[in-house]
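What follows is the content of structure32.txt, which has compact mmCIF, C-alpha atoms:
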# COMPACT_ATOMS: atom_id res chain seq x y z
CA MET A 1 -9.25 42.24 160.59
CA SER A 2 -11.36 45.35 160.01
CA ALA A 3 -10.97 47.45 156.87
CA ALA A 4 -10.28 51.18 156.96
CA VAL A 5 -12.97 53.62 155.76
CA PHE A 6 -12.18 57.26 155.06
CA THR A 7 -15.30 59.41 155.34
CA ARG A 8 -16.62 62.53 157.02
CA GLU A 9 -20.27 61.94 156.11
CA PRO A 10 -22.44 61.27 159.17
CA ALA A 11 -24.51 58.54 157.48
CA PHE A 12 -21.40 56.58 156.52
CA LEU A 13 -19.80 57.14 159.92
CA ALA A 14 -22.94 55.57 161.37
CA ALA A 15 -22.60 52.68 158.90
CA VAL A 16 -19.02 52.09 160.05
CA ALA A 17 -20.21 52.05 163.66
CA GLU A 18 -22.78 49.39 162.70
CA LEU A 19 -20.01 47.21 161.24
CA PRO A 20 -17.47 47.19 164.12
CA ILE A 21 -15.84 43.92 163.09
CA ALA A 22 -15.64 44.69 159.37
CA ALA A 23 -14.80 48.40 159.35
CA ARG A 24 -13.08 51.20 161.22
CA VAL A 25 -12.71 54.93 160.57
CA ALA A 26 -9.46 56.01 158.91
CA ASP A 27 -7.68 59.37 158.91
CA GLY A 28 -6.87 59.25 155.20
CA ALA A 29 -7.52 57.46 151.92
CA HIS A 30 -4.37 55.29 151.89
CA ASP A 31 -5.32 51.60 152.13
CA ALA A 32 -8.91 52.64 152.83
CA VAL A 33 -12.33 52.67 151.22
CA ALA A 34 -12.81 56.37 150.43
CA VAL A 35 -16.31 57.85 150.46
CA LEU A 36 -16.77 60.67 147.95
CA GLY A 37 -19.44 63.34 148.24
CA GLY A 38 -20.15 67.01 147.74
CA GLU A 39 -18.52 68.92 144.89
CA ARG A 40 -15.76 67.83 142.49
CA VAL A 41 -16.32 64.13 142.99
CA VAL A 42 -14.15 63.24 140.00
CA GLU A 43 -11.19 65.16 141.46
CA GLN A 44 -11.80 63.53 144.83
CA ALA A 45 -11.86 60.08 143.23
CA LEU A 46 -8.63 60.52 141.28
CA ARG A 47 -6.89 62.03 144.30
CA ALA A 48 -8.00 59.19 146.56
CA GLN A 49 -6.86 56.66 143.97
CA ASP A 50 -3.45 58.35 143.75
CA ASP A 51 -3.26 58.35 147.56
CA GLY A 52 -3.63 54.58 147.62
CA ALA A 53 -7.34 54.01 148.28
CA VAL A 54 -8.44 50.39 147.79
CA ALA A 55 -12.02 51.25 146.75
CA LEU A 56 -14.28 54.23 146.25
CA VAL A 57 -17.88 55.03 147.18
CA VAL A 58 -19.95 57.74 145.47
CA SER A 59 -22.45 58.80 148.10
CA ASP A 60 -24.76 60.90 145.89
CA ALA A 61 -25.12 59.84 142.27
CA VAL A 62 -27.78 62.48 141.55
CA SER A 63 -25.28 65.32 141.88
CA LEU A 64 -23.05 63.91 139.13
CA ARG A 65 -23.38 64.91 135.49
CA THR A 66 -23.05 62.40 132.67
CA ALA A 67 -19.62 63.89 131.95
CA ASP A 68 -18.61 63.08 135.53
CA PHE A 69 -19.58 59.44 135.08
CA GLU A 70 -17.61 59.36 131.83
CA ALA A 71 -14.55 60.84 133.54
CA LEU A 72 -14.80 58.32 136.37
CA HIS A 73 -15.21 55.48 133.89
CA ALA A 74 -12.09 56.61 132.04
CA GLY A 75 -9.91 57.34 135.06
CA VAL A 76 -10.83 55.03 137.92
CA ARG A 77 -9.00 51.70 138.08
CA ILE A 78 -10.00 50.53 141.57
CA PRO A 79 -13.43 49.21 142.63
CA LEU A 80 -16.13 51.89 142.75
CA VAL A 81 -19.60 51.52 144.30
CA ILE A 82 -22.42 54.03 143.83
CA ALA A 83 -25.25 54.66 146.30
CA ARG A 84 -28.54 54.93 144.39
CA ARG A 85 -31.48 55.07 146.76
CA ARG A 86 -34.12 54.19 144.14
CA VAL A 87 -32.06 51.39 142.59
CA ARG A 88 -30.89 49.35 145.56
CA PRO A 89 -29.16 46.09 144.53
CA ASP A 90 -30.84 44.15 147.32
CA VAL A 91 -34.26 45.27 146.08
CA ALA A 92 -33.31 44.46 142.47
CA ASN A 93 -32.28 40.98 143.59
CA GLY A 94 -35.98 40.36 144.21
CA LEU A 95 -36.39 40.05 140.44
CA GLY A 96 -34.70 36.66 140.63
CA ALA A 97 -33.16 34.84 137.70
CA ALA A 98 -33.61 35.99 134.12
CA SER A 99 -36.63 34.56 132.32
CA ASP A 100 -37.43 34.18 128.63
CA ALA A 101 -41.07 34.86 129.52
CA VAL A 102 -40.59 38.66 129.23
CA ARG A 103 -42.25 39.97 126.09
CA ALA A 104 -42.11 43.72 126.85
CA VAL A 105 -41.20 46.18 129.60
CA VAL A 106 -43.15 49.30 130.58
CA VAL A 107 -41.85 51.93 133.03
CA GLU A 108 -43.82 54.98 134.18
CA ALA A 109 -42.36 57.65 136.43
CA SER A 110 -43.40 60.98 137.91
CA ALA A 111 -41.16 63.63 139.43
CA THR A 112 -40.90 67.34 140.03
CA ALA A 113 -38.69 69.40 137.74
CA ALA A 114 -35.97 69.42 140.39
CA GLU A 115 -36.02 65.60 140.66
CA ARG A 116 -36.54 64.91 136.97
CA ILE A 117 -32.97 63.99 136.01
CA GLY A 118 -32.38 61.69 138.95
CA THR A 119 -35.75 60.00 138.63
CA THR A 120 -35.34 59.58 134.89
CA ARG A 121 -31.99 57.87 135.37
CA ASP A 122 -33.53 55.52 137.89
CA ALA A 123 -36.51 54.79 135.63
CA VAL A 124 -34.08 53.83 132.86
CA ALA A 125 -32.22 51.69 135.39
CA TRP A 126 -35.34 49.69 136.22
CA ALA A 127 -36.07 49.33 132.51
CA ARG A 128 -32.57 47.92 132.06
CA LEU A 129 -32.95 45.57 135.03
CA LEU A 130 -36.33 44.25 133.91
CA ALA A 131 -35.10 43.83 130.32
CA ARG A 132 -32.01 42.03 131.70
CA GLY A 133 -29.38 44.05 129.89
CA ASP A 134 -28.25 47.28 128.28
CA LEU A 135 -30.80 49.09 126.16
CA ARG A 136 -30.70 50.47 122.64
CA SER A 137 -32.55 53.65 121.80
CA VAL A 138 -35.21 53.46 119.12
CA ALA A 139 -37.10 56.76 119.48
CA VAL A 140 -37.56 59.57 122.00
CA GLU A 141 -40.12 62.36 122.13
CA ALA A 142 -40.17 65.09 124.75
CA THR A 143 -42.22 68.09 125.83
CA PRO A 144 -41.67 70.38 128.83
CA THR A 145 -44.00 68.19 130.93
CA ALA A 146 -43.25 64.67 129.76
CA SER A 147 -40.76 62.43 127.99
CA LEU A 148 -41.49 59.19 126.17
CA ALA A 149 -38.84 56.77 124.96
CA LEU A 150 -38.88 53.48 123.14
CA PHE A 151 -35.86 51.26 123.73
CA GLU A 152 -35.16 47.66 122.94
CA ARG A 153 -33.13 44.86 124.45
CA ALA A 154 -32.60 42.13 121.88
CA THR A 155 -36.18 41.43 120.75
CA VAL A 156 -37.83 42.92 123.86
CA PRO A 157 -39.43 46.38 123.40
CA VAL A 158 -39.05 48.73 126.36
CA THR A 159 -41.16 51.86 126.94
CA VAL A 160 -40.23 54.56 129.46
CA LEU A 161 -42.57 57.47 130.22
CA VAL A 162 -41.56 60.23 132.63
CA SER A 163 -44.02 63.00 133.52
CA VAL A 164 -43.24 66.21 135.40
CA ALA A 165 -45.39 67.02 138.43
CA ARG A 166 -45.65 70.37 140.17
CA THR A 167 -45.36 68.85 143.62
CA GLY A 168 -44.98 65.50 145.29
CA ALA A 169 -42.36 62.81 145.74
CA SER A 170 -40.90 60.78 142.90
CA VAL A 171 -42.67 57.57 141.91
CA ILE A 172 -41.50 54.81 139.57
CA ARG A 173 -43.77 51.96 138.52
CA ALA A 174 -42.45 49.31 136.18
CA HIS A 175 -43.65 45.95 134.97
CA THR A 176 -43.01 43.27 132.42
CA LEU A 177 -45.54 41.80 130.00
CA GLY A 178 -45.71 38.07 129.38
CA HIS A 179 -47.10 34.90 130.86
CA GLU A 180 -44.89 35.67 133.87
CA ARG A 181 -45.04 39.17 135.29
CA ALA A 182 -42.67 41.26 137.41
CA GLU A 183 -43.84 44.51 139.00
CA VAL A 184 -41.66 47.14 140.67
CA THR A 185 -42.94 50.07 142.75
CA ILE A 186 -40.59 52.78 144.00
CA ASP A 187 -42.49 55.48 145.88
CA ASP A 188 -40.38 58.04 147.73
CA GLY A 189 -43.38 59.62 149.45
CA ALA A 190 -44.78 56.36 150.80
CA LEU A 191 -41.28 54.98 151.51
CA VAL A 192 -42.13 51.93 149.41
CA GLN A 193 -39.68 49.83 147.41
CA ARG A 194 -41.47 46.66 146.34
CA VAL A 195 -40.85 43.88 143.83
CA GLU A 196 -43.60 41.38 142.99
CA GLN A 197 -43.34 38.30 140.78
CA THR A 198 -46.38 36.55 139.33
CA THR A 199 -46.15 33.13 137.71
CA GLY A 200 -48.50 30.23 137.16
CA GLU A 201 -47.80 29.20 140.75
CA GLY A 202 -48.96 32.50 142.24
CA THR A 203 -47.54 35.86 143.34
CA THR A 204 -44.52 36.41 145.55
CA ILE A 205 -43.47 39.70 147.13
CA ALA A 206 -39.80 40.21 147.93
CA PRO A 207 -39.17 40.91 151.63
CA HIS A 208 -38.82 44.48 152.84
CA ARG A 209 -35.23 45.61 153.30
CA PHE A 210 -34.44 47.26 156.62
CA GLU A 211 -30.73 47.86 156.11
CA THR A 212 -29.86 51.49 155.41
CA LEU A 213 -28.60 52.35 151.96
CA HIS A 214 -25.32 53.60 153.43
CA ARG A 215 -24.63 50.38 155.32
CA LEU A 216 -25.51 48.31 152.24
CA THR A 217 -23.27 50.45 150.03
CA LEU A 218 -20.39 50.26 152.49
CA ARG A 219 -20.68 46.46 152.78
CA ARG A 220 -20.57 46.15 149.00
CA ALA A 221 -17.54 48.43 148.80
CA LEU A 222 -15.71 46.44 151.49
CA ALA A 223 -16.42 43.21 149.62
CA ALA A 224 -15.24 44.69 146.32
CA ALA A 225 -12.08 45.99 147.97
CA ALA A 226 -11.33 42.60 149.51
CA ASP A 227 -11.79 40.81 146.17
CA GLN A 228 -10.49 43.67 144.02
CA THR A 229 -13.40 43.15 141.66
CA GLN A 230 -15.07 46.01 139.83
CA PRO A 231 -18.86 46.12 140.37
CA THR A 232 -21.03 47.16 137.44
CA ASP A 233 -22.23 50.29 139.28
CA LEU A 234 -20.25 52.79 137.21
CA ALA A 235 -20.97 51.23 133.82
CA ASP A 236 -24.66 50.96 134.74
CA ALA A 237 -24.85 54.56 135.99
CA LEU A 238 -23.20 55.82 132.79
CA HIS A 239 -25.62 53.80 130.66
CA ASP A 240 -28.61 55.18 132.56
CA ALA A 241 -27.35 58.76 132.53
CA ARG A 242 -26.76 58.79 128.78
CA PHE A 243 -30.26 57.57 128.00
CA ALA A 244 -31.77 59.86 130.63
CA ASP A 245 -30.13 62.83 128.91
CA ALA A 246 -32.14 62.04 125.79
CA LEU A 247 -35.32 61.42 127.78
CA ALA A 248 -34.96 64.67 129.68
CA ALA A 249 -34.39 66.75 126.55
CA ALA A 250 -37.66 68.63 127.01
CA GLU A 251 -36.41 72.16 127.27
CA SER A 252 -38.46 73.42 124.34
CA ALA A 253 -42.16 72.98 123.71
CA GLU A 254 -41.51 71.33 120.35
CA PRO A 255 -41.36 67.52 120.47
CA ARG A 256 -38.03 66.03 119.45
CA ARG A 257 -37.51 62.64 117.83
CA HIS A 258 -34.19 60.86 118.13
CA LYS A 259 -33.34 58.18 115.64
CA ARG A 260 -31.94 54.77 116.45
CA SER A 261 -28.55 54.68 118.15

Do you think you could lay out the structure here as structure tokens?
Amino acid sequence: MSAAVFTREPAFLAAVAELPIAARVADGAHDAVAVLGGERVVEQALRAQDDGAVALVVSDAVSLRTADFEALHAGVRIPLVIARRRVRPDVANGLGAASDAVRAVVVEASATAAERIGTTRDAVAWARLLARGDLRSVAVEATPTASLALFERATVPVTVLVSVARTGASVIRAHTLGHERAEVTIDDGALVQRVEQTTGEGTTIAPHRFETLHRLTLRRALAAAADQTQPTDLADALHDARFADALAAAESAEPRRHKRS
């Protein structure tokens, strides 16, 4: 039996059409997966939950403030999935199983001022994914044109550098250091999302993903609704947003140093 999906967004309506057996369009949020977008996402989420939605989808994470993620984390009790175009779960799966070969993680990103917050969050996300867990802040320095942060995950040091470009699409390049190496390239302009793994046996490149982000997100939401399991999307997004706030604190020309937290 197909599951109901309440959305007015064209991209998600197209995703429903691509999943005719699994999904159908609904007239309201009751007993449906509700797609949230536009303004006042927190209010939309709580209203949909009160109306009996079985799961929620945030269609545009970039538009949410850290306070919005905190409010969602505090108030949402049903499964919630977040669409993050630079941090697709199917691409991240190319990293494979955790390895004790990682000795350090380095992430470099470039974005325009308008894209800085979103790109910084996603750079922190890839740092978290490569380090295999939540990060702890050690030090952050920022200027109006760049931010540099040192994090750690257990005994693994993690460096994130974000520079501000005048023009151009956002780019994230991340890699691990060790006798095994993982490399991630996210290039909005070139439409590249690539994960490479190098071991003593050679280099493997994860296959290109052709599924649209909206279809992928909807499939994940339908699965979470069916199992009534809470994905880690919201906790991960909140983690990334909090650290990105510190990284993006480059409003003044004077460098700022943040102590351990």

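Between atom CA of Leu222 of chain A and atom CA of Ile21 of chain A the separation is 11.9 Å.
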
(request) Find the residue from A:Ala169, A:Ala248, A:Ala15, A:Leu234 that sits nearest to Ala74 of chain A; use all atoms listed in the file when measuring. (result) A:Leu234

(message) Considering only C-alpha atoms, can you say which of A:Glu180, A:Ala104, A:Ser110, A:Val192 comes closest to Glu152 of chain A?
(response)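 Comparing A:Glu180, A:Ala104, A:Ser110, A:Val192 against Glu152 of chain A, the winner is A:Ala104.
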
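In this model, the gap between atom CA of Thr185 of chain A and atom CA of Ala235 of chain A comes to 23.7 Å.
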
(message) Taking (-33.8, 41.6, 141.2) as a centre in this file's frame and 12 Å as the limit, can you find every polymer residue with an atom that close, using all atoms listed in the file, and give them as an NGL selection string?
(response) :A and (87-99 or 125-132 or 182-184 or 193-197 or 205-207)

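Between His175 of chain A and the candidates A:Leu19, A:Phe243, A:Glu108, A:Glu39, the tightest atom-to-atom separation, counting all atoms listed in the file, involves A:Glu108.
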
Residues near Asp233 of chain A, anyone? I mean within 8 Å using only C-alpha atoms, not counting same-chain ones fewer than 4 positions away, as a compact mmCIF listing (two decimals) with C-alpha atoms, keeping the file's coordinate frame.
# COMPACT_ATOMS: atom_id res chain seq x y z
CA LEU A 80 -16.13 51.89 142.75
CA VAL A 81 -19.60 51.52 144.30
CA ILE A 82 -22.42 54.03 143.83
CA ALA A 237 -24.85 54.56 135.99

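Residues in contact with segment 115-117 of chain A at 8 Å, where all atoms listed in the file are counted and same-chain residues fewer than 4 positions away are skipped, are listed as Val62, Ser110, Ala111, Arg121, Val164, Ser170, Ala244, Asp245 and Ala248 of chain A.
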
(message) Give me, as a PyMOL selection string, all polymer residues having an atom no more than 12 Å from Ser163 of chain A, counting all atoms listed in the file and skipping those fewer than 2 positions away in the same chain.
(response) chain A and resi 107-113+115-117+119-120+123+142-149+160-161+165-167+170-172+247-248+250

(message) Rounded to one decimal, what separation in Å do you get between atom CA of Arg84 of chain A and atom CA of Leu46 of chain A?
(response) 20.9 Å

(request) Considering all atoms listed in the file, state which residue in the set A:Thr217, A:Gln49, A:Ser63, A:Ser137 is at the smallest distance from His30 of chain A. (result)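 Closest to His30 of chain A of all the choices is A:Gln49.
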
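With distances restricted to all atoms listed in the file, A:Ala101 is the closest residue to His179 of chain A from A:Leu13, A:Ala101, A:Val76, A:Leu238.
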